[in-house]
$ cat model-v9.cif   # mmCIF, C-alpha atoms and all ligand atoms
data_target
loop_
_atom_site.group_PDB
_atom_site.id
_atom_site.type_symbol
_atom_site.label_atom_id
_atom_site.label_comp_id
_atom_site.auth_asym_id
_atom_site.auth_seq_id
_atom_site.Cartn_x
_atom_site.Cartn_y
_atom_site.Cartn_z
ATOM 1 C CA MET A 1133 -20.645 33.992 10.227
ATOM 2 C CA ARG A 1134 -20.023 32.917 6.630
ATOM 3 C CA ARG A 1135 -23.213 31.479 5.126
ATOM 4 C CA LEU A 1136 -22.925 28.855 2.392
ATOM 5 C CA ARG A 1137 -25.503 27.528 0.000
ATOM 6 C CA LYS A 1138 -24.535 23.926 0.783
ATOM 7 C CA ALA A 1139 -22.051 21.650 2.476
ATOM 8 C CA TYR A 1140 -20.899 18.245 1.279
ATOM 9 C CA LEU A 1141 -20.325 15.833 4.134
ATOM 10 C CA GLU A 1142 -18.805 12.554 3.019
ATOM 11 C CA ILE A 1143 -20.401 9.795 5.112
ATOM 12 C CA THR A 1144 -18.258 7.156 3.408
ATOM 13 C CA ASN A 1145 -15.695 6.988 0.622
ATOM 14 C CA VAL A 1146 -16.465 3.311 0.008
ATOM 15 C CA CYS A 1147 -18.347 2.419 -3.183
ATOM 16 C CA ASN A 1148 -19.821 -0.815 -4.517
ATOM 17 C CA LEU A 1149 -19.045 0.122 -8.153
ATOM 18 C CA ALA A 1150 -15.928 1.181 -10.064
ATOM 19 C CA CYS A 1151 -17.247 3.464 -12.814
ATOM 20 C CA ASP A 1152 -14.854 4.452 -15.576
ATOM 21 C CA PHE A 1153 -15.603 8.178 -15.101
ATOM 22 C CA CYS A 1154 -14.851 8.116 -11.360
ATOM 23 C CA PRO A 1155 -11.243 8.628 -10.238
ATOM 24 C CA GLY A 1156 -11.855 6.832 -6.945
ATOM 25 C CA THR A 1157 -9.584 7.817 -4.093
ATOM 26 C CA ARG A 1158 -6.295 6.739 -2.579
ATOM 27 C CA ARG A 1159 -7.411 7.934 0.853
ATOM 28 C CA VAL A 1160 -8.017 5.436 3.666
ATOM 29 C CA LEU A 1161 -11.476 3.936 3.197
ATOM 30 C CA GLY A 1162 -14.015 4.280 5.976
ATOM 31 C CA PHE A 1163 -17.440 5.225 7.252
ATOM 32 C CA LEU A 1164 -18.280 8.257 9.359
ATOM 33 C CA SER A 1165 -19.605 7.110 12.753
ATOM 34 C CA PRO A 1166 -22.936 8.471 14.052
ATOM 35 C CA GLU A 1167 -21.020 10.327 16.797
ATOM 36 C CA GLY A 1168 -18.681 11.795 14.203
ATOM 37 C CA PHE A 1169 -21.632 12.755 12.025
ATOM 38 C CA ARG A 1170 -23.309 14.531 14.943
ATOM 39 C CA THR A 1171 -20.151 16.513 15.683
ATOM 40 C CA LEU A 1172 -19.348 17.497 12.098
ATOM 41 C CA ALA A 1173 -22.940 18.179 11.034
ATOM 42 C CA SER A 1174 -23.519 20.345 14.134
ATOM 43 C CA ARG A 1175 -20.485 22.421 13.213
ATOM 44 C CA LEU A 1176 -21.730 22.869 9.667
ATOM 45 C CA ARG A 1177 -25.302 23.704 10.638
ATOM 46 C CA PRO A 1178 -24.844 27.410 11.485
ATOM 47 C CA HIS A 1179 -23.368 27.917 8.011
ATOM 48 C CA THR A 1180 -25.935 26.226 5.804
ATOM 49 C CA ASP A 1181 -29.377 24.633 5.536
ATOM 50 C CA TYR A 1182 -28.446 22.115 2.838
ATOM 51 C CA LEU A 1183 -26.400 19.023 3.575
ATOM 52 C CA TYR A 1184 -25.243 16.780 0.746
ATOM 53 C CA LEU A 1185 -24.266 13.354 2.062
ATOM 54 C CA HIS A 1186 -21.518 12.528 -0.353
ATOM 55 C CA LEU A 1187 -18.246 13.585 -1.821
ATOM 56 C CA MET A 1188 -16.827 10.245 -2.841
ATOM 57 C CA GLY A 1189 -18.404 6.878 -2.076
ATOM 58 C CA GLU A 1190 -21.910 5.449 -2.226
ATOM 59 C CA PRO A 1191 -23.903 6.893 0.690
ATOM 60 C CA LEU A 1192 -26.555 4.164 0.624
ATOM 61 C CA LEU A 1193 -23.850 1.676 1.682
ATOM 62 C CA HIS A 1194 -23.584 3.309 5.097
ATOM 63 C CA PRO A 1195 -24.753 0.708 7.635
ATOM 64 C CA GLN A 1196 -26.151 3.388 9.996
ATOM 65 C CA LEU A 1197 -27.680 5.633 7.356
ATOM 66 C CA GLY A 1198 -31.001 5.711 9.270
ATOM 67 C CA VAL A 1199 -29.309 7.083 12.382
ATOM 68 C CA LEU A 1200 -27.457 9.713 10.338
ATOM 69 C CA LEU A 1201 -30.703 10.847 8.730
ATOM 70 C CA GLU A 1202 -32.346 11.122 12.153
ATOM 71 C CA GLU A 1203 -29.435 13.279 13.324
ATOM 72 C CA ALA A 1204 -29.688 15.453 10.221
ATOM 73 C CA ASP A 1205 -33.410 15.856 10.800
ATOM 74 C CA ALA A 1206 -32.877 16.767 14.459
ATOM 75 C CA LEU A 1207 -30.455 19.480 13.321
ATOM 76 C CA GLY A 1208 -33.000 20.820 10.834
ATOM 77 C CA PHE A 1209 -30.966 20.074 7.709
ATOM 78 C CA ARG A 1210 -32.449 19.644 4.262
ATOM 79 C CA VAL A 1211 -30.657 16.583 2.966
ATOM 80 C CA MET A 1212 -29.668 15.864 -0.621
ATOM 81 C CA LEU A 1213 -28.299 12.504 -1.694
ATOM 82 C CA THR A 1214 -26.612 11.276 -4.832
ATOM 83 C CA THR A 1215 -26.484 7.546 -5.442
ATOM 84 C CA ASN A 1216 -25.518 5.149 -8.200
ATOM 85 C CA GLY A 1217 -29.005 3.654 -7.844
ATOM 86 C CA THR A 1218 -28.007 0.043 -7.173
ATOM 87 C CA LEU A 1219 -29.280 0.017 -3.562
ATOM 88 C CA LEU A 1220 -32.484 2.011 -3.949
ATOM 89 C CA ARG A 1221 -34.781 -0.941 -3.359
ATOM 90 C CA GLN A 1222 -33.107 -1.812 -0.061
ATOM 91 C CA ARG A 1223 -32.990 1.807 1.118
ATOM 92 C CA GLU A 1224 -36.295 3.125 -0.224
ATOM 93 C CA ALA A 1225 -38.298 2.934 3.018
ATOM 94 C CA LEU A 1226 -35.529 4.621 4.966
ATOM 95 C CA LEU A 1227 -35.032 7.450 2.464
ATOM 96 C CA LEU A 1228 -38.700 8.142 1.904
ATOM 97 C CA GLY A 1229 -39.512 7.893 5.600
ATOM 98 C CA SER A 1230 -36.962 10.552 6.538
ATOM 99 C CA PRO A 1231 -38.441 14.067 6.798
ATOM 100 C CA ALA A 1232 -34.943 15.477 6.245
ATOM 101 C CA VAL A 1233 -34.452 13.996 2.777
ATOM 102 C CA GLU A 1234 -35.549 16.482 0.141
ATOM 103 C CA LYS A 1235 -34.003 15.196 -3.069
ATOM 104 C CA VAL A 1236 -32.351 12.020 -4.314
ATOM 105 C CA SER A 1237 -30.261 12.193 -7.488
ATOM 106 C CA VAL A 1238 -29.579 8.934 -9.270
ATOM 107 C CA SER A 1239 -26.473 8.738 -11.445
ATOM 108 C CA VAL A 1240 -28.065 6.600 -14.153
ATOM 109 C CA HIS A 1241 -24.906 7.059 -16.247
ATOM 110 C CA SER A 1242 -23.118 4.838 -13.709
ATOM 111 C CA PHE A 1243 -24.691 1.753 -15.294
ATOM 112 C CA GLU A 1244 -22.775 2.138 -18.533
ATOM 113 C CA GLY A 1245 -19.785 3.622 -16.716
ATOM 114 C CA ASN A 1246 -19.516 0.413 -14.771
ATOM 115 C CA GLY A 1247 -19.322 -1.813 -17.823
ATOM 116 C CA GLY A 1248 -22.998 -2.726 -17.564
ATOM 117 C CA ALA A 1249 -23.472 -2.694 -21.341
ATOM 118 C CA GLY A 1250 -25.710 -5.538 -22.459
ATOM 119 C CA GLU A 1251 -26.505 -6.715 -18.928
ATOM 120 C CA ASP A 1252 -29.707 -6.054 -17.048
ATOM 121 C CA LEU A 1253 -30.163 -2.399 -17.983
ATOM 122 C CA GLU A 1254 -33.935 -2.863 -17.969
ATOM 123 C CA GLY A 1255 -33.979 -4.218 -14.415
ATOM 124 C CA TYR A 1256 -31.713 -1.407 -13.210
ATOM 125 C CA LEU A 1257 -33.840 1.259 -14.909
ATOM 126 C CA ASP A 1258 -37.092 -0.193 -13.638
ATOM 127 C CA GLY A 1259 -35.687 -0.019 -10.109
ATOM 128 C CA CYS A 1260 -34.753 3.650 -10.603
ATOM 129 C CA ILE A 1261 -38.138 4.481 -12.133
ATOM 130 C CA ALA A 1262 -40.050 2.723 -9.341
ATOM 131 C CA PHE A 1263 -38.018 4.618 -6.755
ATOM 132 C CA ALA A 1264 -38.559 7.955 -8.531
ATOM 133 C CA ARG A 1265 -42.318 7.386 -8.543
ATOM 134 C CA ALA A 1266 -42.367 6.390 -4.886
ATOM 135 C CA ALA A 1267 -40.183 9.373 -3.979
ATOM 136 C CA ALA A 1268 -42.457 11.812 -5.805
ATOM 137 C CA GLY A 1269 -45.460 10.161 -4.126
ATOM 138 C CA ALA A 1270 -43.797 10.788 -0.761
ATOM 139 C CA GLY A 1271 -43.318 14.484 -1.571
ATOM 140 C CA LYS A 1272 -39.601 14.215 -2.394
ATOM 141 C CA ARG A 1273 -37.803 15.156 -5.586
ATOM 142 C CA CYS A 1274 -35.895 12.618 -7.625
ATOM 143 C CA ALA A 1275 -33.507 13.461 -10.475
ATOM 144 C CA LEU A 1276 -32.371 10.819 -12.934
ATOM 145 C CA ARG A 1277 -28.988 11.967 -14.189
ATOM 146 C CA LEU A 1278 -27.309 11.378 -17.512
ATOM 147 C CA TRP A 1279 -24.097 13.232 -16.914
ATOM 148 C CA ASN A 1280 -22.386 11.512 -19.798
ATOM 149 C CA LEU A 1281 -22.846 13.761 -22.814
ATOM 150 C CA ASP A 1282 -19.896 13.805 -25.159
ATOM 151 C CA GLY A 1283 -17.205 16.330 -24.496
ATOM 152 C CA ALA A 1284 -13.999 16.583 -26.470
ATOM 153 C CA GLU A 1285 -12.411 13.802 -24.401
ATOM 154 C CA THR A 1286 -15.424 11.609 -23.782
ATOM 155 C CA GLU A 1287 -16.871 10.725 -27.156
ATOM 156 C CA GLY A 1288 -18.816 7.460 -27.137
ATOM 157 C CA ALA A 1289 -19.361 7.376 -23.394
ATOM 158 C CA ASN A 1290 -23.139 7.285 -23.747
ATOM 159 C CA ARG A 1291 -24.067 4.534 -26.170
ATOM 160 C CA GLN A 1292 -26.937 3.399 -23.934
ATOM 161 C CA ASN A 1293 -28.640 6.794 -23.660
ATOM 162 C CA GLY A 1294 -31.033 5.970 -26.528
ATOM 163 C CA GLN A 1295 -32.290 2.865 -24.725
ATOM 164 C CA ILE A 1296 -32.517 4.713 -21.435
ATOM 165 C CA LEU A 1297 -34.486 7.586 -22.971
ATOM 166 C CA SER A 1298 -36.937 5.312 -24.734
ATOM 167 C CA ARG A 1299 -37.615 3.424 -21.466
ATOM 168 C CA LEU A 1300 -38.152 6.760 -19.701
ATOM 169 C CA ARG A 1301 -40.543 7.847 -22.450
ATOM 170 C CA GLU A 1302 -42.586 4.685 -21.907
ATOM 171 C CA ALA A 1303 -42.596 5.170 -18.160
ATOM 172 C CA PHE A 1304 -43.351 8.909 -18.286
ATOM 173 C CA PRO A 1305 -45.328 9.583 -21.481
ATOM 174 C CA GLY A 1306 -45.317 13.266 -20.783
ATOM 175 C CA PRO A 1307 -45.535 15.899 -21.920
ATOM 176 C CA TRP A 1308 -41.961 16.566 -20.731
ATOM 177 C CA ARG A 1309 -41.133 20.150 -19.859
ATOM 178 C CA SER A 1310 -37.596 21.456 -20.268
ATOM 179 C CA ASP A 1311 -35.887 24.531 -18.928
ATOM 180 C CA ARG A 1312 -32.258 25.456 -18.339
ATOM 181 C CA ARG A 1313 -32.098 23.286 -15.210
ATOM 182 C CA GLY A 1314 -33.331 20.084 -16.790
ATOM 183 C CA THR A 1315 -36.425 18.247 -17.897
ATOM 184 C CA THR A 1316 -39.454 17.503 -15.763
ATOM 185 C CA LEU A 1317 -40.763 14.028 -16.626
ATOM 186 C CA ALA A 1318 -43.595 14.090 -14.114
ATOM 187 C CA PRO A 1319 -44.287 16.110 -10.955
ATOM 188 C CA GLY A 1320 -41.231 15.740 -8.709
ATOM 189 C CA ILE A 1321 -39.295 13.615 -11.236
ATOM 190 C CA TYR A 1322 -36.546 15.127 -13.358
ATOM 191 C CA LEU A 1323 -34.068 14.156 -16.027
ATOM 192 C CA GLU A 1324 -30.781 16.030 -15.812
ATOM 193 C CA PHE A 1325 -28.231 16.034 -18.607
ATOM 194 C CA GLY A 1326 -24.630 17.071 -18.252
ATOM 195 C CA GLU A 1327 -21.297 16.644 -19.948
ATOM 196 C CA LYS A 1328 -19.069 13.977 -18.538
ATOM 197 C CA PHE A 1329 -16.618 16.117 -16.651
ATOM 198 C CA GLN A 1330 -12.979 15.669 -15.904
ATOM 199 C CA TRP A 1331 -12.102 15.459 -12.239
ATOM 200 C CA PRO A 1332 -9.324 17.812 -11.183
ATOM 201 C CA ASP A 1333 -6.054 15.966 -10.837
ATOM 202 C CA LEU A 1334 -2.655 17.249 -9.738
ATOM 203 C CA SER A 1335 -0.968 15.193 -12.464
ATOM 204 C CA ALA A 1336 -2.974 16.907 -15.261
ATOM 205 C CA PRO A 1337 -1.582 19.917 -17.178
ATOM 206 C CA GLU A 1338 -2.529 23.378 -15.945
ATOM 207 C CA GLU A 1339 -5.326 25.199 -17.745
ATOM 208 C CA GLU A 1340 -4.781 28.680 -19.189
ATOM 209 C CA GLY A 1341 -6.793 31.827 -18.597
ATOM 210 C CA ARG A 1342 -8.729 33.629 -15.911
ATOM 211 C CA ARG A 1343 -10.496 31.514 -13.329
ATOM 212 C CA PHE A 1344 -13.554 31.604 -11.177
ATOM 213 C CA CYS A 1345 -15.156 29.023 -8.950
ATOM 214 C CA TYR A 1346 -17.782 28.956 -6.219
ATOM 215 C CA GLY A 1347 -15.625 26.746 -3.979
ATOM 216 C CA LEU A 1348 -15.697 28.319 -0.464
ATOM 217 C CA ARG A 1349 -18.086 30.963 -1.814
ATOM 218 C CA ASP A 1350 -21.227 28.861 -1.855
ATOM 219 C CA GLN A 1351 -19.965 25.431 -0.828
ATOM 220 C CA VAL A 1352 -17.489 23.517 1.245
ATOM 221 C CA GLY A 1353 -16.636 19.826 1.492
ATOM 222 C CA VAL A 1354 -15.824 17.729 4.544
ATOM 223 C CA LEU A 1355 -14.165 14.340 4.095
ATOM 224 C CA TRP A 1356 -15.186 11.486 6.366
ATOM 225 C CA ASP A 1357 -12.123 12.021 8.581
ATOM 226 C CA GLY A 1358 -13.145 15.642 9.212
ATOM 227 C CA THR A 1359 -10.754 17.267 6.694
ATOM 228 C CA VAL A 1360 -12.305 20.416 5.204
ATOM 229 C CA VAL A 1361 -11.750 20.909 1.453
ATOM 230 C CA PRO A 1362 -12.979 23.743 -0.773
ATOM 231 C CA CYS A 1363 -15.406 21.770 -2.907
ATOM 232 C CA CYS A 1364 -17.024 18.459 -3.752
ATOM 233 C CA LEU A 1365 -14.381 17.703 -6.405
ATOM 234 C CA ASP A 1366 -11.340 17.491 -4.130
ATOM 235 C CA HIS A 1367 -11.583 13.712 -3.991
ATOM 236 C CA GLU A 1368 -8.047 13.157 -2.661
ATOM 237 C CA GLY A 1369 -8.101 15.937 -0.085
ATOM 238 C CA ASP A 1370 -5.386 17.741 -2.051
ATOM 239 C CA VAL A 1371 -6.434 21.103 -0.590
ATOM 240 C CA PRO A 1372 -6.794 20.404 3.139
ATOM 241 C CA LEU A 1373 -7.869 23.581 4.914
ATOM 242 C CA GLY A 1374 -8.135 22.225 8.454
ATOM 243 C CA ASN A 1375 -9.962 19.552 10.398
ATOM 244 C CA LEU A 1376 -13.502 20.237 11.559
ATOM 245 C CA TYR A 1377 -13.056 17.995 14.608
ATOM 246 C CA GLU A 1378 -10.332 20.349 15.829
ATOM 247 C CA THR A 1379 -11.207 23.784 14.455
ATOM 248 C CA SER A 1380 -14.474 25.629 13.837
ATOM 249 C CA LEU A 1381 -15.546 26.156 10.246
ATOM 250 C CA GLU A 1382 -15.467 29.918 10.757
ATOM 251 C CA GLU A 1383 -11.804 29.736 11.716
ATOM 252 C CA ILE A 1384 -10.973 27.398 8.843
ATOM 253 C CA LEU A 1385 -12.731 29.635 6.320
ATOM 254 C CA SER A 1386 -10.880 32.695 7.531
ATOM 255 C CA GLY A 1387 -7.487 30.925 7.617
ATOM 256 C CA PRO A 1388 -4.748 32.035 5.188
ATOM 257 C CA ARG A 1389 -5.097 29.175 2.698
ATOM 258 C CA ALA A 1390 -8.887 29.429 2.445
ATOM 259 C CA ALA A 1391 -8.732 33.229 2.252
ATOM 260 C CA ALA A 1392 -6.170 33.031 -0.579
ATOM 261 C CA ILE A 1393 -8.443 30.716 -2.571
ATOM 262 C CA TYR A 1394 -11.447 32.980 -2.034
ATOM 263 C CA HIS A 1395 -9.724 36.275 -2.839
ATOM 264 C CA GLY A 1396 -7.813 34.684 -5.726
ATOM 265 C CA PHE A 1397 -11.042 33.760 -7.460
ATOM 266 C CA SER A 1398 -12.365 37.291 -6.818
ATOM 267 C CA GLN A 1399 -9.453 38.471 -8.996
ATOM 268 C CA GLY A 1400 -9.830 35.715 -11.604
ATOM 269 C CA GLU A 1401 -6.886 33.703 -10.275
ATOM 270 C CA ALA A 1402 -6.642 30.112 -9.125
ATOM 271 C CA ARG A 1403 -4.169 30.070 -6.242
ATOM 272 C CA GLU A 1404 -4.186 26.306 -5.706
ATOM 273 C CA ALA A 1405 -2.409 23.872 -8.047
ATOM 274 C CA LEU A 1406 -5.519 21.667 -8.065
ATOM 275 C CA CYS A 1407 -7.745 24.578 -9.102
ATOM 276 C CA ARG A 1408 -5.406 25.403 -11.996
ATOM 277 C CA ARG A 1409 -6.044 21.844 -13.219
ATOM 278 C CA CYS A 1410 -9.817 21.913 -12.739
ATOM 279 C CA ALA A 1411 -12.001 21.935 -15.839
ATOM 280 C CA PHE A 1412 -14.952 22.997 -13.694
ATOM 281 C CA THR A 1413 -13.696 26.588 -13.795
ATOM 282 C CA ARG A 1414 -14.357 26.639 -17.571
ATOM 283 C CA ARG A 1415 -18.069 26.853 -16.754
ATOM 284 C CA PHE A 1416 -17.594 30.354 -15.395
ATOM 285 C CA GLN A 1417 -15.289 31.772 -18.060
HETATM 286 S S1 LIG A 1501 -11.498 25.177 -9.029
HETATM 287 FE FE1 LIG A 1501 -12.113 22.981 -8.982
HETATM 288 S S2 LIG A 1501 -10.798 22.081 -7.402
HETATM 289 FE FE2 LIG A 1501 -10.700 24.322 -7.103
HETATM 290 S S3 LIG A 1501 -12.284 24.795 -5.594
HETATM 291 FE FE3 LIG A 1501 -13.207 25.001 -7.614
HETATM 292 S S4 LIG A 1501 -14.176 23.003 -8.071
HETATM 293 FE FE4 LIG A 1501 -12.702 22.706 -6.402
#
$ encode --input "model-v9.cif" --output "structure tokens" --more "lines below"
Ligand code: SF4
Amino acid sequence: MRRLRKAYLEITNVCNLACDFCPGTRRVLGFLSPEGFRTLASRLRPHTDYLYLHLMGEPLLHPQLGVLLEEADALGFRVMLTTNGTLLRQREALLLGSPAVEKVSVSVHSFEGNGGAGEDLEGYLDGCIAFARAAAGAGKRCALRLWNLDGAETEGANRQNGQILSRLREAFPGPWRSDRRGTTLAPGIYLEFGEKFQWPDLSAPEEEGRRFCYGLRDQVGVLWDGTVVPCCLDHEGDVPLGNLYETSLEEILSGPRAAAIYHGFSQGEAREALCRRCAFTRRFQ
């Protein structure tokens, strides 16, 4: 039985924002039903303890999120969520009342990425800060993410970071502690920086050089229709490995396409066209 560090299960690919850094998806939009969630999550459970409830989409939009969290808890999953932060007030009681939820990551960079410059940044931030405090008080972890640092292609994508940081300094006077994983603002509350990354895209030019990636090695993704993909970045389902409604994960992982991806990376080669266009592999060069 292949064990994985985590599995991404997309509970919806619908989002209430349209951030400039997000490629969106051309796939059919939809929500995973509670029955579908039970089936897919049960099939993932023998392979991992950690379930991430997203791939694309805003998970807090799911109308039956409470039922899904109960199912995840019944299966003994440790649940991680990433949200754009716009629905935290409405979903706070549900998230903090779920024993399964361990960590909520808030993509604070989505405010600017959604053209929010000059609008109610303060109100948005105060909502995120209030949630982070409540989450930490409930024994959860909450990461506020600024994944918008300038890379070669993204200069100027973070003009509001100064304002955001000064509001965080007021809210969490510190001292802040930093290590390689991020900055702890207060017990259970973190600030995570990252470069704005480029999503892999089949229309992009291929990258040169040797490749490595943890796709299928420590993670797998499942789209809301049950399609298994190698990672959380395959937003279009360009590398479909099988459907988890029809085939067990063990069989899918040992199938020829998945095996080629896995063994290719062992030899420094990206066998899939999408992987040869994925900037994420630069992190491991
Ligand atoms: S190289 Fe990129 S697209 Fe391929 S499995 Fe890894 S993260 Fe996914």
$ closest_atom_pairs --input "model-v9.cif" --of "chain A" --to "ligand LIG 1501 (chain A)" --cutoff "6 Å" --atoms "all atoms listed in the file" --output "JSON lines"
{"residue": "A:Pro1332", "atom": "CA", "partner": "A:LIG1501", "partner_atom": "S2", "distance": 5.9}
{"residue": "A:Cys1345", "atom": "CA", "partner": "A:LIG1501", "partner_atom": "FE3", "distance": 4.7}
{"residue": "A:Gly1347", "atom": "CA", "partner": "A:LIG1501", "partner_atom": "S3", "distance": 4.2}
{"residue": "A:Pro1362", "atom": "CA", "partner": "A:LIG1501", "partner_atom": "S3", "distance": 5.0}
{"residue": "A:Cys1363", "atom": "CA", "partner": "A:LIG1501", "partner_atom": "FE4", "distance": 4.5}
{"residue": "A:Leu1365", "atom": "CA", "partner": "A:LIG1501", "partner_atom": "FE4", "distance": 5.3}
{"residue": "A:Asp1366", "atom": "CA", "partner": "A:LIG1501", "partner_atom": "S2", "distance": 5.7}
{"residue": "A:Leu1406", "atom": "CA", "partner": "A:LIG1501", "partner_atom": "S2", "distance": 5.3}
{"residue": "A:Cys1407", "atom": "CA", "partner": "A:LIG1501", "partner_atom": "FE2", "distance": 3.6}
{"residue": "A:Cys1410", "atom": "CA", "partner": "A:LIG1501", "partner_atom": "FE1", "distance": 4.5}
{"residue": "A:Phe1412", "atom": "CA", "partner": "A:LIG1501", "partner_atom": "FE1", "distance": 5.5}
{"residue": "A:Thr1413", "atom": "CA", "partner": "A:LIG1501", "partner_atom": "S1", "distance": 5.4}
$ closest_residue --input "model-v9.cif" --among "A:Ile1321, A:Ala1303, A:Cys1364, A:Leu1207" --to "A:Gly1271" --atoms "only C-alpha atoms"
A:Ile1321
$ atom_distance --input "model-v9.cif" --atom1 "atom CA of A:Ile1384" --atom2 "atom CA of A:Leu1185"
20.5 Å
$ closest_residue --input "model-v9.cif" --among "A:Val1354, A:Val1240, A:Leu1281, A:Ala1411" --to "A:Glu1340" --atoms "only C-alpha atoms"
A:Ala1411
$ atom_distance --input "model-v9.cif" --atom1 "atom CA of A:Tyr1394" --atom2 "atom CA of A:Phe1153"
28.3 Å
$ atom_distance --input "model-v9.cif" --atom1 "atom CA of A:Pro1372" --atom2 "atom CA of A:Glu1327"
27.5 Å
